[in-house]
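Here's target_25.csv, which has CSV, C-alpha atoms:
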chain,number,residue,atom,x,y,z
A,1,MET,CA,-11.5,74.7,108.2
A,2,GLN,CA,-9.0,73.9,111.1
A,3,ARG,CA,-6.3,76.3,112.2
A,4,LEU,CA,-3.7,73.5,112.3
A,5,ASP,CA,-4.3,72.7,108.7
A,6,CYS,CA,-4.0,76.4,107.8
A,7,LEU,CA,-0.7,76.6,109.5
A,8,ARG,CA,0.5,73.3,108.0
A,9,SER,CA,-0.4,74.5,104.5
A,10,ILE,CA,1.9,77.6,104.7
A,11,TYR,CA,4.5,76.4,107.2
A,12,ASN,CA,7.2,76.1,104.6
A,13,ARG,CA,6.6,79.8,103.6
A,14,LEU,CA,7.6,81.0,107.0
A,15,GLU,CA,11.3,80.2,106.8
A,16,ASP,CA,12.4,83.7,105.8
A,17,CYS,CA,9.8,85.6,107.8
A,18,LEU,CA,9.8,86.8,111.4
A,19,VAL,CA,6.7,85.2,113.0
A,20,VAL,CA,4.8,86.5,116.0
A,21,THR,CA,1.9,84.4,117.4
A,22,ILE,CA,-0.6,84.9,120.2
A,23,MET,CA,-0.9,82.5,123.1
A,24,GLY,CA,-3.0,79.4,123.3
A,25,ALA,CA,-3.8,77.1,120.4
A,26,VAL,CA,-2.0,79.2,117.7
A,27,ALA,CA,1.3,79.1,119.6
A,28,THR,CA,1.0,75.4,120.5
A,29,GLU,CA,-0.1,74.3,117.0
A,30,LEU,CA,2.6,76.3,115.2
A,31,HIS,CA,5.2,74.9,117.7
A,32,SER,CA,3.8,71.3,117.1
A,33,LEU,CA,4.7,71.7,113.4
A,34,GLY,CA,8.3,72.4,114.3
A,35,HIS,CA,9.8,75.2,116.2
A,36,ARG,CA,12.1,77.6,114.4
A,37,PRO,CA,14.3,80.4,115.8
A,38,ASN,CA,12.4,83.0,113.8
A,39,PHE,CA,9.1,82.2,115.7
A,40,PHE,CA,8.2,84.2,118.7
A,41,TYR,CA,5.2,83.0,120.7
A,42,LEU,CA,3.7,85.8,122.8
A,43,GLN,CA,2.3,83.6,125.6
A,44,HIS,CA,0.3,86.4,127.3
A,45,ALA,CA,-0.3,90.1,126.8
A,46,MET,CA,-3.4,89.4,124.7
A,47,GLY,CA,-3.7,92.0,122.0
A,48,LEU,CA,-0.1,92.9,121.8
A,49,ALA,CA,1.1,90.4,119.2
A,50,SER,CA,0.2,92.8,116.4
A,51,SER,CA,1.8,95.7,118.2
A,52,THR,CA,5.0,93.6,118.6
A,53,GLY,CA,4.8,92.8,114.9
A,54,LEU,CA,4.4,96.5,114.1
A,55,GLY,CA,7.5,97.3,116.1
A,56,LEU,CA,9.5,94.7,114.2
A,57,ALA,CA,8.1,95.7,110.8
A,58,LEU,CA,8.9,99.4,111.3
A,59,CYS,CA,12.4,98.8,112.6
A,60,LEU,CA,13.2,96.1,110.0
A,61,PRO,CA,11.5,97.4,106.8
A,62,TYR,CA,13.2,94.9,104.5
A,63,GLN,CA,12.1,91.9,106.6
A,64,LYS,CA,8.8,90.2,106.2
A,65,VAL,CA,6.9,90.0,109.4
A,66,VAL,CA,3.9,87.6,109.9
A,67,VAL,CA,1.5,88.0,112.9
A,68,PHE,CA,-0.8,85.1,113.7
A,69,ASP,CA,-3.5,86.6,115.8
A,70,GLY,CA,-6.9,85.5,117.1
A,71,ASP,CA,-10.3,87.0,117.5
A,72,GLY,CA,-10.1,87.2,121.3
A,73,SER,CA,-6.8,89.0,121.2
A,74,VAL,CA,-7.8,91.4,118.4
A,75,LEU,CA,-11.0,92.3,120.3
A,76,MET,CA,-8.8,93.3,123.3
A,77,ASN,CA,-6.8,95.8,121.1
A,78,LEU,CA,-9.1,97.0,118.4
A,79,GLY,CA,-7.3,100.4,118.6
A,80,GLY,CA,-4.2,98.5,117.5
A,81,LEU,CA,-5.8,98.0,114.1
A,82,THR,CA,-6.0,101.7,113.7
A,83,THR,CA,-2.3,102.0,114.6
A,84,LEU,CA,-1.4,99.3,112.0
A,85,ALA,CA,-3.4,101.2,109.4
A,86,ARG,CA,-1.9,104.5,110.3
A,87,TYR,CA,1.7,103.3,109.6
A,88,LYS,CA,0.8,100.6,107.0
A,89,PRO,CA,4.1,98.7,107.1
A,90,ALA,CA,4.3,97.1,103.7
A,91,ASN,CA,6.2,94.2,105.1
A,92,LEU,CA,3.6,93.1,107.6
A,93,VAL,CA,1.2,90.2,107.0
A,94,HIS,CA,-1.6,90.1,109.7
A,95,VAL,CA,-3.5,86.8,109.9
A,96,ILE,CA,-6.4,86.6,112.4
A,97,PHE,CA,-7.7,83.1,113.1
A,98,ASP,CA,-11.3,83.7,114.1
A,99,ASN,CA,-12.9,80.7,115.8
A,100,GLU,CA,-15.5,82.9,117.5
A,101,SER,CA,-14.3,81.6,120.8
A,102,LEU,CA,-12.0,82.0,123.8
A,103,LEU,CA,-11.0,78.4,123.3
A,104,SER,CA,-8.2,77.9,125.8
A,105,VAL,CA,-10.3,79.0,128.7
A,106,GLY,CA,-13.2,76.7,127.9
A,107,GLY,CA,-14.7,77.9,124.6
A,108,PHE,CA,-16.6,81.0,125.6
A,109,PRO,CA,-18.1,82.7,122.6
A,110,THR,CA,-16.6,86.0,121.5
A,111,ALA,CA,-18.4,88.9,119.9
A,112,THR,CA,-17.5,87.5,116.4
A,113,SER,CA,-20.0,84.8,117.2
A,114,THR,CA,-22.8,87.3,117.4
A,115,GLY,CA,-21.9,89.2,114.2
A,116,SER,CA,-18.9,91.4,114.9
A,117,ASP,CA,-16.9,91.3,111.6
A,118,LEU,CA,-13.1,91.6,112.1
A,119,GLU,CA,-12.5,92.1,108.4
A,120,ALA,CA,-14.9,95.0,108.4
A,121,LEU,CA,-13.3,96.4,111.5
A,122,ALA,CA,-9.8,96.1,109.9
A,123,ARG,CA,-11.1,97.8,106.7
A,124,GLY,CA,-12.9,100.5,108.7
A,125,ALA,CA,-9.6,101.1,110.6
A,126,GLY,CA,-8.0,101.9,107.3
A,127,ILE,CA,-6.3,98.7,106.2
A,128,GLU,CA,-7.0,98.4,102.5
A,129,ARG,CA,-6.0,94.9,101.7
A,130,THR,CA,-8.4,92.7,103.7
A,131,SER,CA,-10.1,89.4,103.2
A,132,THR,CA,-12.1,86.7,104.9
A,133,VAL,CA,-11.3,83.0,104.0
A,134,ARG,CA,-13.1,79.8,104.8
A,135,THR,CA,-11.2,77.1,102.9
A,136,ILE,CA,-7.6,75.9,103.1
A,137,ASP,CA,-7.3,76.6,99.4
A,138,ASP,CA,-8.3,80.2,99.8
A,139,PHE,CA,-6.2,80.6,102.9
A,140,THR,CA,-3.1,79.3,101.2
A,141,LYS,CA,-3.6,81.4,98.0
A,142,GLY,CA,-4.5,84.4,100.1
A,143,PHE,CA,-1.4,84.0,102.3
A,144,ASP,CA,0.9,83.6,99.4
A,145,ALA,CA,-0.5,86.7,97.7
A,146,ALA,CA,-0.2,88.6,100.9
A,147,LEU,CA,3.4,87.6,101.3
A,148,ARG,CA,4.2,88.6,97.7
A,149,ALA,CA,2.3,91.9,98.0
A,150,ASN,CA,4.3,94.9,99.1
A,151,GLU,CA,1.4,96.1,101.2
A,152,LEU,CA,0.0,95.7,104.7
A,153,SER,CA,-2.7,93.0,104.7
A,154,CYS,CA,-5.2,91.6,107.1
A,155,THR,CA,-6.6,88.1,106.5
A,156,VAL,CA,-9.4,86.8,108.7
A,157,ALA,CA,-9.4,83.0,108.6
A,158,LYS,CA,-12.7,81.5,109.9
A,159,VAL,CA,-11.7,78.3,111.7
A,160,GLU,CA,-13.4,75.7,113.9
A,161,ALA,CA,-13.2,76.1,117.6
A,162,VAL,CA,-11.0,73.1,118.1
A,163,GLY,CA,-7.4,73.0,119.4
A,164,PRO,CA,-4.8,70.9,121.1
A,165,LYS,CA,-5.4,69.1,124.4
A,166,GLY,CA,-2.8,71.2,126.3
A,167,TYR,CA,-1.0,74.4,125.7
A,168,VAL,CA,2.3,74.1,127.5
A,169,THR,CA,5.2,73.3,125.3
A,170,ASP,CA,8.8,72.3,126.2
A,171,LEU,CA,10.1,75.6,125.0
A,172,ALA,CA,10.6,78.0,128.0
A,173,LEU,CA,9.3,81.5,127.4
A,174,LEU,CA,12.7,83.1,127.9
A,175,GLU,CA,14.5,80.6,125.8
A,176,ASN,CA,12.2,81.5,123.0
A,177,ARG,CA,12.7,85.2,123.6
A,178,PHE,CA,16.5,85.2,123.6
A,179,GLN,CA,16.7,82.8,120.7
A,180,PHE,CA,14.4,85.1,118.7
A,181,ARG,CA,16.5,88.1,119.5
A,182,ARG,CA,19.7,86.3,118.7
A,183,HIS,CA,18.2,85.0,115.4
A,184,ILE,CA,17.5,88.6,114.3
A,185,GLU,CA,21.0,89.7,115.3
A,186,THR,CA,22.4,86.9,113.1
A,187,LEU,CA,20.3,88.1,110.2
A,188,GLN,CA,21.6,91.6,110.7
A,189,ARG,CA,25.2,90.5,110.5
A,190,LYS,CA,24.6,88.8,107.1
B,1,MET,CA,1.1,127.2,126.0
B,2,PRO,CA,3.0,127.1,129.2
B,3,VAL,CA,4.6,123.7,128.6
B,4,SER,CA,8.3,124.3,128.6
B,5,GLN,CA,9.7,124.1,125.1
B,6,THR,CA,13.2,124.5,126.5
B,7,ASN,CA,13.0,121.6,128.9
B,8,SER,CA,11.2,119.5,126.3
B,9,ARG,CA,14.2,120.0,124.1
B,10,VAL,CA,16.5,119.0,127.0
B,11,VAL,CA,14.6,115.8,127.4
B,12,TYR,CA,14.5,115.1,123.6
B,13,ASP,CA,18.2,115.7,123.2
B,14,ALA,CA,18.9,113.3,126.1
B,15,LEU,CA,16.8,110.6,124.4
B,16,LYS,CA,18.8,111.2,121.2
B,17,SER,CA,22.1,111.0,123.1
B,18,CYS,CA,20.9,107.6,124.4
B,19,GLY,CA,20.5,106.3,120.9
B,20,ILE,CA,16.7,106.1,121.0
B,21,GLY,CA,15.5,105.2,117.5
B,22,LEU,CA,11.8,104.6,118.2
B,23,VAL,CA,9.4,106.6,120.3
B,24,SER,CA,5.8,105.5,121.0
B,25,ALA,CA,3.5,108.1,122.2
B,26,LEU,CA,0.0,109.1,123.1
B,27,PRO,CA,-0.4,112.9,123.2
B,28,GLU,CA,-1.1,114.7,126.4
B,29,THR,CA,-0.6,118.4,127.2
B,30,TRP,CA,2.9,118.1,128.8
B,31,LEU,CA,4.2,115.9,125.9
B,32,VAL,CA,3.1,118.0,122.9
B,33,HIS,CA,6.6,119.6,122.2
B,34,LEU,CA,8.4,116.3,122.8
B,35,ILE,CA,6.1,114.5,120.3
B,36,ARG,CA,6.5,117.3,117.8
B,37,MET,CA,10.3,117.1,118.1
B,38,ALA,CA,10.1,113.3,117.4
B,39,GLU,CA,7.8,114.0,114.4
B,40,ASP,CA,10.3,116.6,113.0
B,41,ASP,CA,13.2,114.3,113.4
B,42,PRO,CA,13.8,112.2,110.2
B,43,GLU,CA,15.9,109.7,112.1
B,44,MET,CA,13.2,109.0,114.7
B,45,ILE,CA,10.4,106.4,114.2
B,46,LEU,CA,7.5,108.0,116.0
B,47,VAL,CA,4.5,105.7,116.6
B,48,ARG,CA,1.3,107.5,117.7
B,49,LEU,CA,-0.8,105.0,119.6
B,50,ALA,CA,-4.5,104.5,120.2
B,51,LYS,CA,-3.8,103.3,123.7
B,52,GLU,CA,-0.6,103.3,125.6
B,53,GLU,CA,-0.4,99.5,126.2
B,54,GLU,CA,0.4,99.1,122.5
B,55,GLY,CA,3.6,100.9,123.2
B,56,VAL,CA,4.9,97.9,125.2
B,57,GLY,CA,4.5,95.7,122.1
B,58,LEU,CA,6.2,98.4,119.9
B,59,SER,CA,9.1,98.5,122.3
B,60,ALA,CA,9.3,94.7,122.4
B,61,GLY,CA,9.4,94.5,118.6
B,62,ALA,CA,12.0,97.3,118.5
B,63,HIS,CA,14.1,95.5,121.1
B,64,PHE,CA,14.0,92.3,119.1
B,65,ALA,CA,15.1,94.3,116.1
B,66,GLY,CA,18.0,95.8,118.0
B,67,VAL,CA,16.5,99.3,118.1
B,68,LYS,CA,16.4,101.3,121.4
B,69,SER,CA,13.1,102.8,122.2
B,70,ALA,CA,11.2,105.0,124.7
B,71,MET,CA,7.6,105.3,125.6
B,72,LEU,CA,6.1,108.7,126.2
B,73,MET,CA,2.8,108.7,128.1
B,74,GLN,CA,0.8,110.3,130.8
B,75,ASN,CA,0.6,108.5,134.2
B,76,HIS,CA,-3.0,107.4,133.2
B,77,GLY,CA,-1.5,105.9,130.2
B,78,PHE,CA,0.9,104.0,132.4
B,79,LEU,CA,-2.0,102.7,134.4
B,80,ALA,CA,-3.7,101.6,131.2
B,81,SER,CA,-0.5,99.7,130.2
B,82,VAL,CA,0.0,97.6,133.3
B,83,ASN,CA,-1.0,94.3,131.8
B,84,GLY,CA,1.3,94.7,128.9
B,85,VAL,CA,4.1,95.8,131.2
B,86,VAL,CA,3.6,92.7,133.4
B,87,SER,CA,2.7,90.0,130.8
B,88,LEU,CA,5.0,91.1,128.0
B,89,ALA,CA,7.9,93.3,129.3
B,90,GLN,CA,8.3,91.6,132.7
B,91,LEU,CA,7.4,88.1,131.6
B,92,TYR,CA,9.8,88.2,128.7
B,93,ARG,CA,12.5,90.4,130.2
B,94,ILE,CA,12.1,93.3,127.8
B,95,PRO,CA,13.9,96.5,128.7
B,96,LEU,CA,11.5,99.4,128.7
B,97,LEU,CA,12.3,103.1,129.1
B,98,MET,CA,9.1,104.8,130.2
B,99,LEU,CA,8.8,108.6,130.4
B,100,ILE,CA,5.6,109.3,132.3
B,101,SER,CA,4.2,112.7,132.8
B,102,TYR,CA,3.3,113.0,136.5
B,103,ARG,CA,-0.1,114.6,136.4
B,104,GLY,CA,-2.3,114.9,139.4
B,105,HIS,CA,0.5,115.7,141.8
B,106,PHE,CA,1.2,118.9,143.8
B,107,GLY,CA,0.1,122.0,141.8
B,108,GLU,CA,-2.4,120.1,139.7
B,109,ARG,CA,-5.5,122.2,138.8
B,110,ASP,CA,-7.4,119.7,136.7
B,111,PRO,CA,-9.6,117.7,139.1
B,112,TRP,CA,-9.8,114.8,136.7
B,113,GLN,CA,-6.0,114.1,137.0
B,114,THR,CA,-5.9,113.9,140.7
B,115,GLN,CA,-6.7,110.3,141.4
B,116,GLY,CA,-4.1,109.0,138.9
B,117,GLY,CA,-1.6,111.2,140.6
B,118,SER,CA,-2.1,109.5,143.9
B,119,ALA,CA,-1.9,106.0,142.4
B,120,THR,CA,1.2,106.4,140.2
B,121,GLU,CA,4.1,105.8,142.5
B,122,SER,CA,2.4,103.0,144.5
B,123,VAL,CA,1.6,101.1,141.2
B,124,LEU,CA,5.3,101.5,140.1
B,125,ARG,CA,6.4,100.2,143.5
B,126,ALA,CA,3.9,97.3,143.4
B,127,LEU,CA,5.4,96.3,140.0
B,128,HIS,CA,9.0,96.7,141.3
B,129,ILE,CA,9.7,99.2,138.6
B,130,PRO,CA,12.7,101.4,139.5
B,131,TYR,CA,11.8,105.1,139.0
B,132,THR,CA,13.0,108.5,139.6
B,133,PHE,CA,12.0,112.1,138.8
B,134,LEU,CA,13.0,114.4,136.1
B,135,ASP,CA,12.7,117.8,137.8
B,136,ASP,CA,16.0,119.5,137.2
B,137,PRO,CA,17.0,120.2,133.6
B,138,ALA,CA,20.7,120.0,134.6
B,139,LYS,CA,20.2,116.4,135.6
B,140,VAL,CA,17.8,115.2,132.9
B,141,ALA,CA,20.5,113.8,130.6
B,142,THR,CA,22.2,111.8,133.3
B,143,ARG,CA,19.0,110.4,134.8
B,144,ILE,CA,17.7,109.3,131.4
B,145,ALA,CA,21.0,107.6,130.5
B,146,GLU,CA,21.1,105.9,133.9
B,147,ALA,CA,17.5,104.7,133.6
B,148,GLN,CA,18.3,103.3,130.2
B,149,THR,CA,21.4,101.6,131.5
B,150,LEU,CA,19.5,99.9,134.3
B,151,ALA,CA,16.7,98.9,131.9
B,152,TYR,CA,19.2,97.1,129.7
B,153,SER,CA,21.4,95.6,132.5
B,154,SER,CA,18.3,94.3,134.4
B,155,LEU,CA,16.2,93.6,131.3
B,156,HIS,CA,13.3,95.2,133.0
B,157,PRO,CA,11.2,98.4,132.8
B,158,THR,CA,12.4,101.5,134.4
B,159,ALA,CA,10.5,104.8,134.7
B,160,LEU,CA,11.1,108.5,134.8
B,161,LEU,CA,8.4,110.7,136.1
B,162,LEU,CA,8.3,114.0,134.2
B,163,THR,CA,7.4,116.6,136.9
B,164,ARG,CA,5.4,119.8,136.8
B,165,GLU,CA,8.6,121.6,137.9
B,166,LEU,CA,10.4,120.5,134.6
B,167,MET,CA,7.5,120.6,132.2
B,168,TRP,CA,5.3,123.5,133.1
B,169,GLU,CA,6.1,127.2,133.0
B,170,GLU,CA,3.4,129.4,134.6
B,171,ALA,CA,2.3,132.0,132.2
Give the structure from the file, written as structure tokens.
Amino acid sequence: MQRLDCLRSIYNRLEDCLVVTIMGAVATELHSLGHRPNFFYLQHAMGLASSTGLGLALCLPYQKVVVFDGDGSVLMNLGGLTTLARYKPANLVHVIFDNESLLSVGGFPTATSTGSDLEALARGAGIERTSTVRTIDDFTKGFDAALRANELSCTVAKVEAVGPKGYVTDLALLENRFQFRRHIETLQRK
Amino acid sequence: MPVSQTNSRVVYDALKSCGIGLVSALPETWLVHLIRMAEDDPEMILVRLAKEEEGVGLSAGAHFAGVKSAMLMQNHGFLASVNGVVSLAQLYRIPLLMLISYRGHFGERDPWQTQGGSATESVLRALHIPYTFLDDPAKVATRIAEAQTLAYSSLHPTALLLTRELMWEEA
């Protein structure tokens, strides 16, 4: 299963969500499918995409928030899983693409390649709705169910360690940041 | 406990006057009353963290959502947050209002706090984070309001160091 196919399979479900991604392949691939003002790509600060999503979800409880995370980033902020579980925002959908690799720096294997199980860590942290998926069909069905559920979820999607050739997009970081903030302001005026 | 409840209230009321709607915190002795006040306040979103760096993400999310936030942490927590401060708050111009208890400075009796005390201000300066001290209860409200004003006008972190003078009452 490839991450780009996963993202493509649910891209049209993201229109009404606020989406936060990690840096690297996840950001580049989602951007390649078509940028939208409700997408924020956190192009550094590994580990903090889920914390940013938690801040959004707690402050905007009627807004669905989707975080596209990765194994390398989650491993840098395992405590963040316990914070998510502690507050259990019902409007937050946490997806972790686990390619068992720090792909963008040359493909160094992470601890998930030697048996660390992110779904078990999420469940152990206290997140009740967790799953691990390995096919596009399961990913799509799981994502749709997670979006419909009024409950914090964590889906670990096992994907191949392949990604785009480069990671820099034509969207400046600050342009993305101000556009995202402005988009939420517009939503709040509606 | 000789942590000043009175001055903790002064700090908390000042945060409320600034329209703070979300506080992220990791407990430390000097912050216990402040955190309890946030917990008892039905209008405040209090997020208890596992590690202080998460607070940068929480504040970024709150800012995107149009909610003003503050981070409560010990100076060692600030030191633990540096990458998040640089590669989220500074990279993306997120205003942060950081209230940092200044442990390990003059009067510190706990040996384990002392190294952090000597590093705090130099790290703030290295990161070009404007900071000042909360030492006089009469000036707390003004300084917090001014720090918040600068954080928003500059879209940058600002810091207030909670001093022993303000937070600690010798028994």
Long-range neighbours of stretch 114-118 of chain A as a ChimeraX atom specification, 12 Å cut-off, all atoms listed in the file, 3 positions minimum in chain: /A:69-75,77-78,81,94-101,109-111,121-125,127,130-133,154-158
Would you give me, as a ChimeraX atom specification, the residues of chain A that come within 6 Å of chain B, using all atoms listed in the file? /A:44-45,48,51-52,55-56,79,174,181
Only C-alpha atoms, please: the residues just picked out, written as a PDB file, keeping the file's coordinate frame.
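Saved to out.pdb:
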ATOM      1  CA  HIS A  44       0.300  86.400 127.300  1.00  0.00           C
ATOM      2  CA  ALA A  45      -0.300  90.100 126.800  1.00  0.00           C
ATOM      3  CA  LEU A  48      -0.100  92.900 121.800  1.00  0.00           C
ATOM      4  CA  SER A  51       1.800  95.700 118.200  1.00  0.00           C
ATOM      5  CA  THR A  52       5.000  93.600 118.600  1.00  0.00           C
ATOM      6  CA  GLY A  55       7.500  97.300 116.100  1.00  0.00           C
ATOM      7  CA  LEU A  56       9.500  94.700 114.200  1.00  0.00           C
ATOM      8  CA  GLY A  79      -7.300 100.400 118.600  1.00  0.00           C
ATOM      9  CA  LEU A 174      12.700  83.100 127.900  1.00  0.00           C
ATOM     10  CA  ARG A 181      16.500  88.100 119.500  1.00  0.00           C
TER      11      ARG A 181
END
When you count all atoms listed in the file, which of these residues is closest to B:Thr149: B:Ala70, B:Val3, B:Leu124, B:Cys18? B:Cys18
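Relative to atom CA of A:Ala49, atom CA of B:Ser153 is found at 24.8 Å.
With distances restricted to all atoms listed in the file, B:Pro2 is the closest residue to B:Trp168 from B:Pro2, B:Gly104, B:Pro137, B:Gly117.
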Counting only C-alpha atoms, write as a count of residues only all protein and nucleic acid residues lying at most 12 Å from (17.3, 111.6, 140.3) in the file's frame. 23
What is the distance, in Å and to one decimal place, between atom CA of A:Arg8 and atom CA of A:Ala149?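 Computing the Euclidean distance for atom CA of A:Arg8 and atom CA of A:Ala149 yields 21.2 Å.
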State, in Å with one decimal place, the distance from atom CA of A:Ile10 to atom CA of A:Val93. 12.8 Å
If you count only C-alpha atoms, which residues fall within 10 Å of B:Arg103, apart from same-chain ones fewer than 4 positions away, as a PyMOL selection string? chain B and resi 29-30+74-76+107-110+112-118+120+161-164
Atoms to include: C-alpha atoms. Write the selected residues as a tab-separated table (two decimals), in the coordinates of the input.
chain	number	residue	atom	x	y	z
B	29	THR	CA	-0.60	118.40	127.20
B	30	TRP	CA	2.90	118.10	128.80
B	74	GLN	CA	0.80	110.30	130.80
B	75	ASN	CA	0.60	108.50	134.20
B	76	HIS	CA	-3.00	107.40	133.20
B	107	GLY	CA	0.10	122.00	141.80
B	108	GLU	CA	-2.40	120.10	139.70
B	109	ARG	CA	-5.50	122.20	138.80
B	110	ASP	CA	-7.40	119.70	136.70
B	112	TRP	CA	-9.80	114.80	136.70
B	113	GLN	CA	-6.00	114.10	137.00
B	114	THR	CA	-5.90	113.90	140.70
B	115	GLN	CA	-6.70	110.30	141.40
B	116	GLY	CA	-4.10	109.00	138.90
B	117	GLY	CA	-1.60	111.20	140.60
B	118	SER	CA	-2.10	109.50	143.90
B	120	THR	CA	1.20	106.40	140.20
B	161	LEU	CA	8.40	110.70	136.10
B	162	LEU	CA	8.30	114.00	134.20
B	163	THR	CA	7.40	116.60	136.90
B	164	ARG	CA	5.40	119.80	136.80
Pick out the residues sitting within 7 Å of A:Val66, and hand them over as a count of residues only; count all atoms listed in the file, and ignore anything fewer than 6 positions along from it in its own chain. 7
Kindly output stretch 76-90 of chain B as a PDB file, in the frame of the given file, after building N, CA and C atoms.
ATOM      1  N   HIS B  76      -1.794 108.249 133.500  1.00  0.00           N
ATOM      2  CA  HIS B  76      -3.000 107.400 133.200  1.00  0.00           C
ATOM      3  C   HIS B  76      -2.725 106.427 132.135  1.00  0.00           C
ATOM      4  N   GLY B  77      -1.869 106.793 131.216  1.00  0.00           N
ATOM      5  CA  GLY B  77      -1.500 105.900 130.200  1.00  0.00           C
ATOM      6  C   GLY B  77      -0.645 104.713 130.719  1.00  0.00           C
ATOM      7  N   PHE B  78       0.198 105.044 131.674  1.00  0.00           N
ATOM      8  CA  PHE B  78       0.900 104.000 132.400  1.00  0.00           C
ATOM      9  C   PHE B  78      -0.030 103.019 133.045  1.00  0.00           C
ATOM     10  N   LEU B  79      -1.013 103.596 133.735  1.00  0.00           N
ATOM     11  CA  LEU B  79      -2.000 102.700 134.400  1.00  0.00           C
ATOM     12  C   LEU B  79      -2.728 101.857 133.409  1.00  0.00           C
ATOM     13  N   ALA B  80      -2.971 102.398 132.223  1.00  0.00           N
ATOM     14  CA  ALA B  80      -3.700 101.600 131.200  1.00  0.00           C
ATOM     15  C   ALA B  80      -2.753 100.578 130.545  1.00  0.00           C
ATOM     16  N   SER B  81      -1.454 100.636 130.815  1.00  0.00           N
ATOM     17  CA  SER B  81      -0.500  99.700 130.200  1.00  0.00           C
ATOM     18  C   SER B  81      -0.078  98.574 131.088  1.00  0.00           C
ATOM     19  N   VAL B  82      -0.615  98.537 132.285  1.00  0.00           N
ATOM     20  CA  VAL B  82       0.000  97.600 133.300  1.00  0.00           C
ATOM     21  C   VAL B  82      -0.014  96.180 132.844  1.00  0.00           C
ATOM     22  N   ASN B  83      -1.083  95.690 132.222  1.00  0.00           N
ATOM     23  CA  ASN B  83      -1.000  94.300 131.800  1.00  0.00           C
ATOM     24  C   ASN B  83       0.067  94.005 130.803  1.00  0.00           C
ATOM     25  N   GLY B  84       0.229  94.903 129.864  1.00  0.00           N
ATOM     26  CA  GLY B  84       1.300  94.700 128.900  1.00  0.00           C
ATOM     27  C   GLY B  84       2.679  94.769 129.550  1.00  0.00           C
ATOM     28  N   VAL B  85       2.833  95.667 130.518  1.00  0.00           N
ATOM     29  CA  VAL B  85       4.100  95.800 131.200  1.00  0.00           C
ATOM     30  C   VAL B  85       4.405  94.438 131.937  1.00  0.00           C
ATOM     31  N   VAL B  86       3.386  93.900 132.603  1.00  0.00           N
ATOM     32  CA  VAL B  86       3.600  92.700 133.400  1.00  0.00           C
ATOM     33  C   VAL B  86       3.724  91.455 132.460  1.00  0.00           C
ATOM     34  N   SER B  87       2.765  91.310 131.518  1.00  0.00           N
ATOM     35  CA  SER B  87       2.700  90.000 130.800  1.00  0.00           C
ATOM     36  C   SER B  87       3.414  90.039 129.475  1.00  0.00           C
ATOM     37  N   LEU B  88       4.072  91.122 129.149  1.00  0.00           N
ATOM     38  CA  LEU B  88       5.000  91.100 128.000  1.00  0.00           C
ATOM     39  C   LEU B  88       6.400  91.516 128.523  1.00  0.00           C
ATOM     40  N   ALA B  89       6.520  92.769 128.982  1.00  0.00           N
ATOM     41  CA  ALA B  89       7.900  93.300 129.300  1.00  0.00           C
ATOM     42  C   ALA B  89       8.490  92.513 130.477  1.00  0.00           C
ATOM     43  N   GLN B  90       7.726  92.291 131.524  1.00  0.00           N
ATOM     44  CA  GLN B  90       8.300  91.600 132.700  1.00  0.00           C
ATOM     45  C   GLN B  90       8.408  90.102 132.434  1.00  0.00           C
TER      46      GLN B  90
END
